[in-house]
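This report refers to the structure that appears directly beneath it.
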Amino acid sequence: MNEPNNTSWEELDKVWRKKIQDQADDVPANLWDKIETRLDEQQVRPMWTRVRMSPWTWSAAAVIAILIGMNWDQSMPEEKGNPLVVESKIKPSSSEPIHLPADVEELITTQVKPSVVRESLAPSVIEKLPNVETQVMEEARAPIASVAPKEEESEEIWVRVDIDPVKENAKPVSVAYQEEPEQPKQKKSGLGRFLKQLRQVVKGEQPDWEELREGKPSLVDGIHQVANTYYRTEQTVKQTFQIQ
Amino acid sequence: MLKHLPTLEDERTLVQSCKKQDRKGQHAAYNRYAGKMMAVCRRYLGAGPDAEDALMEGFMKVFSKIDSFKEDGSFEGWIRRIMVNECLMKIRKQGDMHSTPIEEAWGVGQADEAFMYMRTAEIEALIAELPPGYRTIFNLYAIEGYSHDEIANMLQISAGTSKSQLSRARTMIQHKMKLIEL
């Protein structure tokens, strides 16, 4: 095998390398425009299409999203804890409830044929209701219609609304029930309640810091601290003005 | 348009500008290196549209992978490596790497002294006449300065094949020179 004589070739390589490596050719004029267009396209493309994340990263992101969702759900006001509607009662308009004899009640709630009525009624009942045959026949046609509509007309629903913890509204407020009660408005956010209290302070009214704790028991300490700080600052400012 | 471009003389400033995806900086880098890189691409792929394609794809990679450039080396050298890789990919796609796996290197004797005094254009013309397989290995070894092991890695061939291809390329160059002299 003949070994190649590279000595002079290596020298030649160095000479040629030096000459060629600094060589520059003409570049087509529109090439930069093409590159710029493609760079612009890359920038316009949404970030998520360019983000290459491992499955673990995606999983972590999904878990975080779920946790945030759960926290959001918990921070929403609960229906059962709604302080606007505390108690509702349904009272008949008359003070005395309607008491019907047990036999008559049974008749009302049972589909009765007129021919069977006379046989099925006890003599004591016939004495109490002498005109019972006619009545029962009518009632048999519309067993509940004769009694139930009267009840509906005279029905009043008493709703006591306690708005806790605002003391002015703490007394039960009676309102006649007319139609379906409106769904309670969604609570203001924590920031909204805070701003509301601030507005009260600006107006010169006593703020109710307790309201801020609704739905966020964990904020109680923080709210108290803020409230105390605010109170102290207010007192200091008042004293300062008094001194002046 | 070039008048409005910032004069980014310092290579580091140029790199930082490109890393921020600043378009003016990218344009400045392009203006600085496009000519040289065009010559590189044409040496590997000839003076056709493939060379322009390789140059464009190469610069796209330069700008998109700029964050992976460690500034302890030469920026131009880094760009050149990207361009060479782009050219090799094109050659592979075209199936032009007809390298015969001959493990035995040929003895080609000494280089003619006249080679030392050749002009650049003549050298480029000589290289351009080589078959793609020889030309690629000659370019990688003689001009870019890669070792046979590195070339073997890049082209997925053995180091012996790289050596034999280089020897054949040199023999062919010598032969062409003799024809020119005649």
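Here, A, B, ... name the chains of the structure tokens in the order displayed, residue numbers run from 1 inside each chain, and ligands are numbered from 1 in the same displayed order.
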*Residues at most 8 Å from B:Ile127, counting only C-alpha atoms, excluding those fewer than 5 positions away in the same chain, as a list in words?*
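That gives Arg43, Arg135 and Ile173 of chain B.
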Which chain A residues have any atom within 10 Å of an atom of chain B, and for each, what is the nearest pair of atoms with distance in Å to one decimal, counting only C-alpha atoms, rows sorted by chain and number, as a tab-separated table?
residue	atom	partner	partner_atom	distance
A:Met1	CA	B:Glu104	CA	7.6
A:Asn2	CA	B:Gly107	CA	5.2
A:Glu3	CA	B:Gly107	CA	5.5
A:Pro4	CA	B:Gly107	CA	4.1
A:Asn5	CA	B:Gly109	CA	5.3
A:Asn6	CA	B:Gln110	CA	7.1
A:Thr7	CA	B:Gln110	CA	7.7
A:Ser8	CA	B:Ala111	CA	5.8
A:Trp9	CA	B:Ala111	CA	5.6
A:Glu10	CA	B:Ala142	CA	7.8
A:Glu11	CA	B:Met116	CA	8.8
A:Leu12	CA	B:Met116	CA	6.2
A:Asp13	CA	B:Ala142	CA	5.0
A:Lys14	CA	B:Ala142	CA	7.6
A:Val15	CA	B:Met116	CA	6.8
A:Trp16	CA	B:Ile143	CA	6.9
A:Arg17	CA	B:Ile143	CA	4.7
A:Lys18	CA	B:Ile143	CA	8.3
A:Lys19	CA	B:Thr120	CA	6.0
A:Ile20	CA	B:Thr120	CA	6.3
A:Gln21	CA	B:Ile143	CA	7.2
A:Asp22	CA	B:Lys36	CA	6.6
A:Gln23	CA	B:Lys36	CA	5.9
A:Ala24	CA	B:Lys36	CA	4.0
A:Asp25	CA	B:Gly35	CA	4.9
A:Asp26	CA	B:Gly35	CA	5.8
A:Val27	CA	B:Gly35	CA	5.9
A:Pro28	CA	B:Glu52	CA	7.9
A:Leu31	CA	B:Met56	CA	7.0
A:Trp32	CA	B:His27	CA	7.6
A:Asp33	CA	B:His27	CA	9.9
A:Lys34	CA	B:Met56	CA	8.0
A:Ile35	CA	B:Met56	CA	6.5
A:Glu36	CA	B:Arg23	CA	8.1
A:Arg38	CA	B:Met60	CA	8.1
A:Leu39	CA	B:Met60	CA	7.6
A:Asp40	CA	B:Arg23	CA	9.6
A:Gln42	CA	B:Ser64	CA	9.4
A:Gln43	CA	B:Gln21	CA	9.7
*atom CA of B:Gly58 to atom CA of B:Met83, straight-line distance in Å*: 5.2 Å
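One finds atom CA of B:Ile79 at 17.3 Å from atom CA of B:Lys20.
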*Can you work out the spacing between atom CA of B:Ala28 and atom CA of B:Leu14 in Å, to one decimal?*
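Atom CA of B:Leu14 lies at a distance of 7.5 Å from atom CA of B:Ala28.
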_So that I can check the surroundings of B:Asp10, please list as an MDAnalysis selection string every protein, DNA and RNA residue that reaches within 12 Å of it, counting only C-alpha atoms and ignoring chain neighbours fewer than 3 positions away._
chainID B and resid 6:7 13:17 25 28:29 32 74:75
Hey, what's within 8 Å of B:Ala159 if we count only C-alpha atoms and toss same-chain stuff fewer than 4 positions away? As a short mmCIF file (atom, residue, chain, number, x, y, z; two decimals) with C-alpha atoms, in the first residue's frame, please?
data_model
loop_
_atom_site.label_atom_id
_atom_site.label_comp_id
_atom_site.auth_asym_id
_atom_site.auth_seq_id
_atom_site.Cartn_x
_atom_site.Cartn_y
_atom_site.Cartn_z
CA HIS B 148 -11.06 12.40 8.68
CA ASP B 149 -12.74 11.21 11.87
CA ILE B 151 -15.81 13.87 8.31
CA ALA B 152 -16.61 10.20 8.90
CA LYS B 163 -9.18 9.28 3.16
#
Name the residues of stretch 67-182 of chain B that come out as helix (DSSP H, G or I) in a backbone DSSP run; write them as a PDB file with C-alpha atoms, in the first residue's frame.
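File out.pdb, as written:
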ATOM      1  CA  ASP B  67     -29.441  31.283  21.803  1.00  0.00           C
ATOM      2  CA  SER B  68     -27.397  28.099  21.592  1.00  0.00           C
ATOM      3  CA  PHE B  75     -19.554  33.817  15.379  1.00  0.00           C
ATOM      4  CA  GLU B  76     -18.440  33.504  11.783  1.00  0.00           C
ATOM      5  CA  GLY B  77     -17.112  30.001  12.412  1.00  0.00           C
ATOM      6  CA  TRP B  78     -20.437  29.025  13.998  1.00  0.00           C
ATOM      7  CA  ILE B  79     -22.395  30.380  11.035  1.00  0.00           C
ATOM      8  CA  ARG B  80     -20.054  28.598   8.640  1.00  0.00           C
ATOM      9  CA  ARG B  81     -20.613  25.264  10.390  1.00  0.00           C
ATOM     10  CA  ILE B  82     -24.362  25.732  10.106  1.00  0.00           C
ATOM     11  CA  MET B  83     -24.022  26.503   6.397  1.00  0.00           C
ATOM     12  CA  VAL B  84     -21.824  23.467   5.798  1.00  0.00           C
ATOM     13  CA  ASN B  85     -24.318  21.229   7.607  1.00  0.00           C
ATOM     14  CA  GLU B  86     -27.129  22.693   5.531  1.00  0.00           C
ATOM     15  CA  CYS B  87     -25.187  21.945   2.343  1.00  0.00           C
ATOM     16  CA  LEU B  88     -24.467  18.386   3.480  1.00  0.00           C
ATOM     17  CA  MET B  89     -28.170  17.851   4.143  1.00  0.00           C
ATOM     18  CA  LYS B  90     -28.987  19.013   0.642  1.00  0.00           C
ATOM     19  CA  ILE B  91     -26.319  16.760  -0.870  1.00  0.00           C
ATOM     20  CA  ARG B  92     -27.703  13.797   1.075  1.00  0.00           C
ATOM     21  CA  LYS B  93     -31.236  14.555  -0.078  1.00  0.00           C
ATOM     22  CA  GLN B  94     -30.079  14.748  -3.661  1.00  0.00           C
ATOM     23  CA  GLU B 113       4.202  23.735  -7.132  1.00  0.00           C
ATOM     24  CA  ALA B 114       2.075  25.626  -9.620  1.00  0.00           C
ATOM     25  CA  PHE B 115      -0.929  24.968  -7.372  1.00  0.00           C
ATOM     26  CA  MET B 116       0.521  27.373  -4.833  1.00  0.00           C
ATOM     27  CA  TYR B 117       0.210  30.283  -7.219  1.00  0.00           C
ATOM     28  CA  THR B 120      -8.844  31.905  -6.119  1.00  0.00           C
ATOM     29  CA  ALA B 121     -11.214  31.738  -9.063  1.00  0.00           C
ATOM     30  CA  GLU B 122      -9.062  29.008 -10.641  1.00  0.00           C
ATOM     31  CA  ILE B 123      -9.041  27.002  -7.441  1.00  0.00           C
ATOM     32  CA  GLU B 124     -12.807  27.315  -7.166  1.00  0.00           C
ATOM     33  CA  ALA B 125     -13.230  26.228 -10.772  1.00  0.00           C
ATOM     34  CA  LEU B 126     -11.051  23.177 -10.139  1.00  0.00           C
ATOM     35  CA  ILE B 127     -13.012  22.192  -7.069  1.00  0.00           C
ATOM     36  CA  ALA B 128     -16.340  22.765  -8.820  1.00  0.00           C
ATOM     37  CA  PRO B 132     -19.997  15.712  -5.682  1.00  0.00           C
ATOM     38  CA  GLY B 133     -18.620  12.958  -3.431  1.00  0.00           C
ATOM     39  CA  TYR B 134     -14.977  13.928  -3.926  1.00  0.00           C
ATOM     40  CA  ARG B 135     -15.784  17.598  -3.848  1.00  0.00           C
ATOM     41  CA  THR B 136     -17.582  17.323  -0.519  1.00  0.00           C
ATOM     42  CA  ILE B 137     -14.737  15.526   1.202  1.00  0.00           C
ATOM     43  CA  PHE B 138     -12.107  17.744  -0.367  1.00  0.00           C
ATOM     44  CA  ASN B 139     -13.995  20.819   0.809  1.00  0.00           C
ATOM     45  CA  LEU B 140     -14.439  19.455   4.308  1.00  0.00           C
ATOM     46  CA  TYR B 141     -10.854  18.346   4.724  1.00  0.00           C
ATOM     47  CA  ALA B 142      -8.740  20.756   2.684  1.00  0.00           C
ATOM     48  CA  ILE B 143     -10.773  23.965   2.947  1.00  0.00           C
ATOM     49  CA  HIS B 148     -11.059  12.405   8.676  1.00  0.00           C
ATOM     50  CA  ASP B 149     -12.740  11.206  11.868  1.00  0.00           C
ATOM     51  CA  GLU B 150     -14.944  14.292  11.971  1.00  0.00           C
ATOM     52  CA  ILE B 151     -15.811  13.873   8.313  1.00  0.00           C
ATOM     53  CA  ALA B 152     -16.609  10.204   8.896  1.00  0.00           C
ATOM     54  CA  ASN B 153     -18.977  11.274  11.673  1.00  0.00           C
ATOM     55  CA  MET B 154     -20.640  13.949   9.621  1.00  0.00           C
ATOM     56  CA  LEU B 155     -21.168  11.805   6.550  1.00  0.00           C
ATOM     57  CA  ALA B 159     -12.511   7.420   8.187  1.00  0.00           C
ATOM     58  CA  GLY B 160     -10.800   5.181   5.603  1.00  0.00           C
ATOM     59  CA  THR B 161     -13.446   5.997   3.026  1.00  0.00           C
ATOM     60  CA  SER B 162     -12.917   9.683   3.739  1.00  0.00           C
ATOM     61  CA  LYS B 163      -9.182   9.282   3.159  1.00  0.00           C
ATOM     62  CA  SER B 164      -9.621   7.376  -0.059  1.00  0.00           C
ATOM     63  CA  GLN B 165     -12.102   9.930  -1.395  1.00  0.00           C
ATOM     64  CA  LEU B 166      -9.684  12.723  -0.605  1.00  0.00           C
ATOM     65  CA  SER B 167      -6.859  10.933  -2.409  1.00  0.00           C
ATOM     66  CA  ARG B 168      -9.039  10.442  -5.451  1.00  0.00           C
ATOM     67  CA  ALA B 169     -10.037  14.078  -5.388  1.00  0.00           C
ATOM     68  CA  ARG B 170      -6.382  15.152  -5.294  1.00  0.00           C
ATOM     69  CA  THR B 171      -5.459  12.809  -8.090  1.00  0.00           C
ATOM     70  CA  MET B 172      -8.266  14.248 -10.164  1.00  0.00           C
ATOM     71  CA  ILE B 173      -7.111  17.803  -9.454  1.00  0.00           C
ATOM     72  CA  GLN B 174      -3.576  16.896 -10.498  1.00  0.00           C
ATOM     73  CA  HIS B 175      -4.877  15.317 -13.637  1.00  0.00           C
ATOM     74  CA  LYS B 176      -6.911  18.393 -14.521  1.00  0.00           C
ATOM     75  CA  MET B 177      -3.895  20.648 -13.915  1.00  0.00           C
ATOM     76  CA  LYS B 178      -1.835  18.600 -16.312  1.00  0.00           C
ATOM     77  CA  LEU B 179      -4.551  18.927 -18.919  1.00  0.00           C
ATOM     78  CA  ILE B 180      -4.600  22.704 -18.400  1.00  0.00           C
ATOM     79  CA  GLU B 181      -0.781  22.908 -18.684  1.00  0.00           C
TER      80      GLU B 181
END
